[in-house]
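Data block for work.tsv (TSV, C-alpha atoms):
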chain	number	residue	atom	x	y	z
A	114	MET	CA	-69.13	250.16	151.55
A	115	ASN	CA	-67.75	253.39	152.97
A	116	LEU	CA	-66.04	256.10	150.95
A	117	THR	CA	-62.49	255.07	151.93
A	118	THR	CA	-63.07	251.46	150.89
A	119	PHE	CA	-64.66	252.61	147.63
A	120	GLY	CA	-61.62	254.82	147.07
A	121	PHE	CA	-59.22	251.90	147.43
A	122	ILE	CA	-61.28	249.69	145.13
A	123	LEU	CA	-61.69	252.42	142.52
A	124	THR	CA	-58.01	253.40	142.65
A	125	GLY	CA	-56.98	249.78	142.10
A	126	ILE	CA	-59.37	249.51	139.16
A	127	LEU	CA	-58.23	252.78	137.59
A	128	LEU	CA	-54.55	251.89	137.94
A	129	ASN	CA	-55.24	248.54	136.28
A	130	ALA	CA	-57.02	250.25	133.36
A	131	VAL	CA	-54.20	252.79	132.96
A	132	ALA	CA	-51.77	249.87	132.92
A	133	GLN	CA	-53.67	248.33	129.99
A	134	VAL	CA	-53.52	251.53	127.95
A	135	LEU	CA	-49.80	251.99	128.71
A	136	LEU	CA	-49.00	248.38	127.80
A	137	LYS	CA	-50.84	248.79	124.50
A	138	ALA	CA	-48.96	252.04	123.80
A	139	GLY	CA	-45.70	250.20	124.42
A	140	THR	CA	-46.60	247.33	122.14
A	141	LYS	CA	-47.62	249.77	119.39
A	142	ALA	CA	-44.06	251.10	119.45
A	143	VAL	CA	-42.67	247.57	119.05
A	144	GLY	CA	-45.25	246.34	116.53
A	145	ALA	CA	-46.95	242.97	116.25
A	146	ILE	CA	-45.10	240.38	118.31
A	147	HIS	CA	-44.32	237.04	116.71
A	148	LEU	CA	-42.13	235.04	119.06
A	149	ASN	CA	-39.89	232.21	117.98
A	150	ALA	CA	-36.72	230.55	119.25
A	151	GLU	CA	-34.47	233.09	117.52
A	152	ASN	CA	-36.13	236.37	118.49
A	153	TRP	CA	-37.62	235.90	121.95
A	154	PHE	CA	-34.70	237.56	123.73
A	155	SER	CA	-34.50	240.60	121.42
A	156	ILE	CA	-38.28	241.10	121.55
A	157	GLY	CA	-38.19	240.81	125.34
A	158	LEU	CA	-35.42	243.40	125.46
A	159	GLN	CA	-37.36	245.74	123.19
A	160	LEU	CA	-40.44	245.44	125.40
A	161	ALA	CA	-38.46	245.83	128.63
A	162	THR	CA	-37.00	249.13	127.44
A	163	GLN	CA	-40.29	250.75	126.39
A	164	LEU	CA	-41.22	253.46	128.90
A	165	PRO	CA	-44.98	252.89	128.49
A	166	ILE	CA	-44.50	249.20	129.31
A	167	ILE	CA	-42.40	250.02	132.35
A	168	GLY	CA	-45.09	252.48	133.44
A	169	GLY	CA	-47.85	249.94	132.81
A	170	LEU	CA	-46.12	247.27	134.85
A	171	SER	CA	-45.55	249.79	137.64
A	172	CYS	CA	-49.25	250.64	137.62
A	173	TYR	CA	-50.04	246.93	137.88
A	174	VAL	CA	-47.84	246.48	140.93
A	175	ILE	CA	-49.37	249.49	142.70
A	176	SER	CA	-52.88	248.45	141.69
A	177	VAL	CA	-52.43	245.01	143.26
A	178	VAL	CA	-51.34	246.54	146.58
A	179	VAL	CA	-54.24	249.02	146.59
A	180	TRP	CA	-56.68	246.30	145.48
A	181	ILE	CA	-55.63	244.00	148.33
A	182	ILE	CA	-56.19	246.81	150.84
A	183	GLY	CA	-59.67	247.45	149.42
A	184	LEU	CA	-60.47	243.76	149.21
A	185	SER	CA	-59.64	243.35	152.88
A	186	ARG	CA	-62.52	245.72	153.65
A	187	VAL	CA	-65.31	244.52	151.37
A	188	ASP	CA	-66.82	241.24	150.16
A	189	VAL	CA	-65.31	239.87	146.98
A	190	SER	CA	-68.87	239.50	145.63
A	191	ILE	CA	-69.05	243.31	145.65
A	192	ALA	CA	-65.46	244.20	144.75
A	193	TYR	CA	-64.83	241.80	141.88
A	194	PRO	CA	-67.79	242.83	139.70
A	195	MET	CA	-66.68	246.44	140.13
A	196	LEU	CA	-63.64	245.56	138.03
A	197	SER	CA	-65.94	246.14	135.07
A	198	ILE	CA	-65.38	249.87	135.63
A	199	GLY	CA	-61.92	249.17	134.26
A	200	TYR	CA	-63.43	248.16	130.92
A	201	ILE	CA	-65.00	251.58	130.64
A	202	VAL	CA	-61.83	253.46	131.58
A	203	ALA	CA	-59.67	251.31	129.29
A	204	ALA	CA	-62.04	251.75	126.34
A	205	LEU	CA	-62.19	255.52	126.81
A	206	GLY	CA	-58.42	255.74	127.33
A	207	ALA	CA	-57.75	253.66	124.22
A	208	TRP	CA	-60.09	255.89	122.23
A	209	TYR	CA	-58.64	259.15	123.52
A	210	PHE	CA	-54.92	258.31	123.74
A	211	LEU	CA	-54.49	255.57	121.13
A	212	GLY	CA	-57.09	256.55	118.54
A	213	GLU	CA	-59.02	253.27	118.80
A	214	ALA	CA	-62.58	253.17	117.48
A	215	LEU	CA	-65.47	253.74	119.87
A	216	SER	CA	-68.55	252.60	117.94
A	217	MET	CA	-72.15	253.09	119.01
A	218	GLN	CA	-72.33	249.41	119.99
A	219	ARG	CA	-69.32	249.85	122.32
A	220	ILE	CA	-70.85	253.00	123.82
A	221	LEU	CA	-74.10	251.10	124.46
A	222	ALA	CA	-72.14	248.27	126.11
A	223	ILE	CA	-70.38	250.82	128.33
A	224	CYS	CA	-73.78	252.20	129.38
A	225	VAL	CA	-74.92	248.69	130.32
A	226	ILE	CA	-71.75	248.21	132.41
A	227	ILE	CA	-72.30	251.54	134.17
A	228	SER	CA	-75.88	250.55	135.00
A	229	GLY	CA	-74.70	247.26	136.47
A	230	VAL	CA	-72.03	248.92	138.59
A	231	VAL	CA	-74.52	251.48	139.93
A	232	LEU	CA	-76.93	248.68	140.90
A	233	LEU	CA	-74.11	246.76	142.54
A	234	VAL	CA	-72.78	249.67	144.59
A	235	ARG	CA	-76.28	250.57	145.80
A	236	SER	CA	-76.98	247.02	147.04
Kindly return the structure encoded in the file as structure tokens.
Amino acid sequence: MNLTTFGFILTGILLNAVAQVLLKAGTKAVGAIHLNAENWFSIGLQLATQLPIIGGLSCYVISVVVWIIGLSRVDVSIAYPMLSIGYIVAALGAWYFLGEALSMQRILAICVIISGVVLLVRS
């Protein structure tokens, strides 16, 4: 995998992880969602007007385009497992921006993921 291809794959992954953090930030503003026949429209409207949710959905759209470009250049057996980098970025983003807990067990799991990605990229 050359540097340009890696850049497309990594950009798609990072945009996807940023989208997750933004979507969570938007849902925190709305609160726990409990849909029923009476409130589905008002909840949908609340979500649709949250800037973090709009930003998260925008990141998703861009990430899909970038991901497709990267995927056209590398085997899916290499690209798809690299999506696990997104778990790391999302966990760190949630910890830093949303105040979510990052326990020692989660940090250890992130180290295992990093090891796997390094082995994969070097293959």
Of the listed residues A:Gly168, A:Ala203, A:Met195, A:Asn129, that which approaches Leu232 (chain A) most closely, counting all atoms listed in the file: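 Among the listed residues, the smallest separation from Leu232 (chain A) belongs to A:Met195.
With distances taken from (-60.7, 242.6, 148.5) and restricted to all atoms listed in the file, the residues inside 12 Å are Met114, Thr118, Phe119, Phe121, Ile122, Leu123, Gly125, Ile126, Ser176, Val177, Val178, Val179, Trp180, Ile181, Ile182, Gly183, Leu184, Ser185, Arg186, Val187, Asp188, Val189, Ser190, Ile191, Ala192, Tyr193, Pro194, Met195 and Leu196 of chain A.
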Of the candidates A:Gly120, A:Arg219, A:Ile226, A:Phe210, which one gets nearest to Ser197 (chain A) if we count all atoms listed in the file?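 Of A:Gly120, A:Arg219, A:Ile226, A:Phe210, the one nearest Ser197 (chain A) is A:Ile226, counting all atoms listed in the file.
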Quick one: pull the distance between CA of Leu211 (chain A) and CA of Lys141 (chain A), Å, one decimal. 9.2 Å
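Taking only C-alpha atoms into account, Leu128 (chain A) lies nearest to A:Ser171 out of the set A:Glu213, A:Leu205, A:Gln218, A:Ser171.
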